[in-house]
Amino acid sequence: MKRFFNAMLFALQGIKQFFSRDKNGKIQLVIGIIAIILGLTVSLTSYQWLFVLLCIGLVIYLEMINSAIERYCDLVTTD
């Protein structure tokens, strides 16, 4: 159980680092917040909210993967 909590701690630290240090992470976070605010102003249905939140999560998830691949490539090559 301790290994699970340590893994969760490392994951949360990585997410925090992504949003605090990565320029694209900050941009995606701001755009996601704007989308949520706009959703609140137009009174979305529950299915629309589900779709919007799923899309925001998917975009942020893929941006994290992209950033990780870019950092790995920066370590491997100098091009």
# chains A, B, ... in the order shown; residues from 1 in each chain; ligands from 1
$ residues_around --residues "range 28-33 of chain A" --least-positions-apart "2" --cutoff "12 Å" --atoms "only C-alpha atoms" --output "list in words"
Ile15, Lys16, Phe18, Phe19, Ser20, Asp22, Lys23, Asn24, Gly25, Lys26, Ala35, Ile36, Ile37, Leu38, Gly39, Leu40, Val52, Leu53, Leu54, Cys55, Ile56, Gly57, Leu58, Val59, Ile60, Tyr61, Leu62, Glu63 and Met64 of chain A
$ closest_residue --among "A:Ser43, A:Phe5, A:Gly14, A:Trp49" --to "Ile65 in chain A" --atoms "only C-alpha atoms"
A:Gly14
